[in-house]
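First the structure, in the form of structure tokens, and then the observations on it.
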Amino acid sequence: MHRVERVVVLALDDVYPFELGIPSRIFGAADGRYEVLTCTVDGRPVRTNADFTIAVDHGPEVLDTADTVVVASMSSSHIPTGLSVEVADALARIRPDARIVSICTAAFVLAAAGLLDGRRATTHWQVVDRFRAEYPQVDLDPDVLFVHDGRILTSAGAASGVDVCLHIVRTDHGSELANTVARRCVVPPFRDGGQAQYIEQPVPESGATSTAATRDWALTRLDEPLALADLARHAGMSLRTFARRFHDEMGLSPGRWLIQQRVVRARHLLESSDLPVDQIAGRVGFATGASLRQHLHAAIGVSPQAYRRTFQATR
């Protein structure tokens, strides 16, 4: 019997309805592993940035019981400077060991509360200058989808809230459940937190060739030593054109994307099989077990053995 984790979503004034609904949609599809409650700082209805108000069933008292707290984003015109007494009192209820997540502009709320001091964090790229001016003590990374720094997770705009919630499911329960949740919600199962927020050309120009077919082709051959020339040849492009178009569409280089996909595949094999690390490395295209260890540690900060022990214990 799995322990049910309580996720409490805090809705503040001028909240975005889309972001407010993300935790319930993602965690609610995780086979009963999470209970999601929504609250406001006083239990009263909260205005959204749309033409309606949202009534909630809970006040700030449920924050006392939260294993994870998600602060939903508000429109940039209503980002607070500092904290109101009500918001400060609500955040003070959060247990010291609870995980705290901000979506988009809600990073300003965590920063105002001092929760991001000395930490790496992110927020929406359009409000980066203001954030840096107000909170220079935060190590802001404006170019990523989300940041996981200890018990604090911050994410960029809108859909990156989906990414960070899926990342939490994957961290808590493994890639199999996270992929199941993604399928149920019809969203991409994995976008690495280090992927660029702002992609110059996510959809090819009319008449241009996408790199999507080549990416699909590469995913079936991760165990092979794929070079940039192999990918460009499959796409029917020059090396320079392919590299440029790939970066325009994905926000990162083909080489970095391949490493990400190999790490994802390796994590799945570590969770779902008892294969030796060196054998897993070969199956996902890393030359040696040492190379897999290096890239896994760079991605998530643990060794293959520690990662496997964690998910074997979870199962």
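Residue names in the structure tokens use chain letters A, B, ... in the order shown, residue numbers from 1 in each chain, and ligand numbers from 1 in the order shown.
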
Skip stretch 287-291 of chain A itself and residues of its chain fewer than 4 positions away, then list as a PyMOL selection string all residues within 10 Å of it, counting only C-alpha atoms.
chain A and resi 223-225+276-283+295-297+304

The selected residues should be written to file as a PDB file, in the first residue's frame (atoms: C-alpha atoms).
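Generated file (result26.pdb):
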```
ATOM      1  CA  ASP A 223      22.613   2.082 -28.729  1.00  0.00           C
ATOM      2  CA  GLU A 224      24.519   3.083 -31.869  1.00  0.00           C
ATOM      3  CA  PRO A 225      27.316   5.710 -32.046  1.00  0.00           C
ATOM      4  CA  PRO A 276      24.527  -4.401 -14.734  1.00  0.00           C
ATOM      5  CA  VAL A 277      25.415  -0.733 -15.165  1.00  0.00           C
ATOM      6  CA  ASP A 278      27.972  -1.460 -17.896  1.00  0.00           C
ATOM      7  CA  GLN A 279      25.363  -3.407 -19.862  1.00  0.00           C
ATOM      8  CA  ILE A 280      22.816  -0.594 -19.516  1.00  0.00           C
ATOM      9  CA  ALA A 281      25.453   1.866 -20.709  1.00  0.00           C
ATOM     10  CA  GLY A 282      25.923  -0.170 -23.884  1.00  0.00           C
ATOM     11  CA  ARG A 283      22.194  -0.432 -24.516  1.00  0.00           C
ATOM     12  CA  HIS A 295      26.157  11.829 -17.302  1.00  0.00           C
ATOM     13  CA  LEU A 296      23.602  10.509 -14.794  1.00  0.00           C
ATOM     14  CA  HIS A 297      25.323  12.346 -11.963  1.00  0.00           C
ATOM     15  CA  PRO A 304      23.327   4.567 -11.039  1.00  0.00           C
TER      16      PRO A 304
END
```

Listing only residues of stretch 43-71 of chain A within 12 Å of stretch 141-163 of chain A, what is the closest atom pair and its distance in Å (to one decimal) for each, using only C-alpha atoms, sorted by chain and residue number ascending, as a tab-separated table?
```
residue	atom	partner	partner_atom	distance
A:Asp67	CA	A:Arg151	CA	10.6
A:Thr68	CA	A:Arg151	CA	9.2
A:Val69	CA	A:Ile152	CA	9.7
A:Val70	CA	A:Leu153	CA	9.2
A:Val71	CA	A:Thr154	CA	9.7
```

Output file for the residues above (N, CA and C atoms, as a short mmCIF file (atom, residue, chain, number, x, y, z; two decimals), in the first residue's frame):
```cif
data_model
loop_
_atom_site.label_atom_id
_atom_site.label_comp_id
_atom_site.auth_asym_id
_atom_site.auth_seq_id
_atom_site.Cartn_x
_atom_site.Cartn_y
_atom_site.Cartn_z
N ASP A 67 2.57 17.85 2.23
CA ASP A 67 3.88 17.28 1.92
C ASP A 67 4.55 18.09 0.82
N THR A 68 3.73 18.59 -0.11
CA THR A 68 4.20 19.45 -1.19
C THR A 68 3.26 20.64 -1.31
N VAL A 69 3.82 21.83 -1.43
CA VAL A 69 3.04 23.04 -1.64
C VAL A 69 3.39 23.59 -3.02
N VAL A 70 2.37 23.86 -3.82
CA VAL A 70 2.57 24.47 -5.13
C VAL A 70 1.94 25.85 -5.10
N VAL A 71 2.74 26.88 -5.40
CA VAL A 71 2.21 28.24 -5.49
C VAL A 71 1.99 28.55 -6.97
#
```

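Proximity of A:His247, A:Arg293, A:Arg183, A:Arg119 to A:Val263, computed with only C-alpha atoms, is greatest for A:Arg293.
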
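Summary of the local environment: counting only C-alpha atoms, residues at most 10 Å from A:Ala227, other than itself and those fewer than 5 positions away along its chain, are Ala232, Arg233, Pro254, Gly255 and Leu258 of chain A.
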
Residues of the last selection are to be written out with N, CA and C atoms, as a PDB file, in the first residue's frame.
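Once written, again03.pdb looks like this:
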```pdb
ATOM      1  N   ALA A 232      22.366  14.411 -39.791  1.00  0.00           N
ATOM      2  CA  ALA A 232      22.181  15.319 -40.926  1.00  0.00           C
ATOM      3  C   ALA A 232      21.918  14.545 -42.204  1.00  0.00           C
ATOM      4  N   ARG A 233      22.636  13.432 -42.364  1.00  0.00           N
ATOM      5  CA  ARG A 233      22.437  12.618 -43.566  1.00  0.00           C
ATOM      6  C   ARG A 233      21.013  12.056 -43.609  1.00  0.00           C
ATOM      7  N   PRO A 254      22.049  19.000 -31.059  1.00  0.00           N
ATOM      8  CA  PRO A 254      21.783  17.570 -31.249  1.00  0.00           C
ATOM      9  C   PRO A 254      22.562  16.704 -30.266  1.00  0.00           C
ATOM     10  N   GLY A 255      23.803  17.068 -29.984  1.00  0.00           N
ATOM     11  CA  GLY A 255      24.611  16.272 -29.060  1.00  0.00           C
ATOM     12  C   GLY A 255      24.043  16.274 -27.658  1.00  0.00           C
ATOM     13  N   LEU A 258      20.854  14.157 -27.546  1.00  0.00           N
ATOM     14  CA  LEU A 258      21.150  12.717 -27.521  1.00  0.00           C
ATOM     15  C   LEU A 258      21.544  12.255 -26.123  1.00  0.00           C
TER      16      LEU A 258
END
```

Nearby residues (only C-alpha atoms) at most 12 Å from A:Asn49, same-chain spacing under 6 positions excluded, as a list in words: Ala11, Leu12, Asp13, Asp14, Val15, Tyr16, Pro17, Phe18, Glu19, Leu20, Ser73, Met74, Ser75, Ser76, Ser77, His78 and Ile79 of chain A

#### Entry: Distance query A:Gly28 at most 12 Å, only C-alpha atoms, self and fewer than 3 positions along chain excluded, as a ChimeraX atom specification
/A:4-7,21-25,31-37,165-166,169,178,180-182,184-185

Those selected residues, please, written with C-alpha atoms and delivered as an mmCIF file, in the first residue's frame.
```cif
data_model
loop_
_atom_site.group_PDB
_atom_site.id
_atom_site.type_symbol
_atom_site.label_atom_id
_atom_site.label_comp_id
_atom_site.auth_asym_id
_atom_site.auth_seq_id
_atom_site.Cartn_x
_atom_site.Cartn_y
_atom_site.Cartn_z
ATOM 1 C CA VAL A 4 -0.722 9.097 -0.302
ATOM 2 C CA GLU A 5 1.137 12.406 -0.444
ATOM 3 C CA ARG A 6 -0.822 15.580 0.139
ATOM 4 C CA VAL A 7 -0.260 18.364 -2.388
ATOM 5 C CA GLY A 21 -5.254 23.522 -12.530
ATOM 6 C CA ILE A 22 -1.959 21.865 -13.511
ATOM 7 C CA PRO A 23 -1.172 20.139 -10.170
ATOM 8 C CA SER A 24 -4.637 18.625 -9.879
ATOM 9 C CA ARG A 25 -4.520 17.392 -13.474
ATOM 10 C CA ASP A 31 -3.021 6.239 -9.663
ATOM 11 C CA GLY A 32 -4.039 7.633 -6.282
ATOM 12 C CA ARG A 33 -0.493 8.410 -5.119
ATOM 13 C CA TYR A 34 -1.382 12.038 -4.392
ATOM 14 C CA GLU A 35 -4.248 13.973 -2.831
ATOM 15 C CA VAL A 36 -4.574 17.518 -4.190
ATOM 16 C CA LEU A 37 -6.238 20.341 -2.229
ATOM 17 C CA CYS A 165 4.921 18.238 -11.853
ATOM 18 C CA LEU A 166 5.808 15.281 -14.087
ATOM 19 C CA VAL A 169 6.045 12.148 -10.142
ATOM 20 C CA ALA A 178 5.304 9.459 -14.962
ATOM 21 C CA THR A 180 1.536 6.776 -17.759
ATOM 22 C CA VAL A 181 0.433 10.137 -16.342
ATOM 23 C CA ALA A 182 1.773 11.912 -19.430
ATOM 24 C CA ARG A 184 -3.364 10.137 -19.782
ATOM 25 C CA CYS A 185 -2.922 13.897 -19.984
#
```

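Between atom CA of A:Thr122 and atom CA of A:Cys39 there is a distance of 24.0 Å.
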
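Between atom CA of A:Leu110 and atom CA of A:Asp64 the interatomic distance comes to 16.9 Å.
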
Judged by only C-alpha atoms, the minimum distance to A:Pro188 among A:Leu228, A:Val138, A:Glu61, A:His167 is found for A:His167

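Picture a line from atom CA of A:Gly301 to atom CA of A:Arg170; it runs 14.8 Å.
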
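Take the candidates A:Arg215, A:Leu63, A:Arg44, A:Ala55 and check each one against A:Val9 using only C-alpha atoms; the shortest distance goes to A:Leu63.
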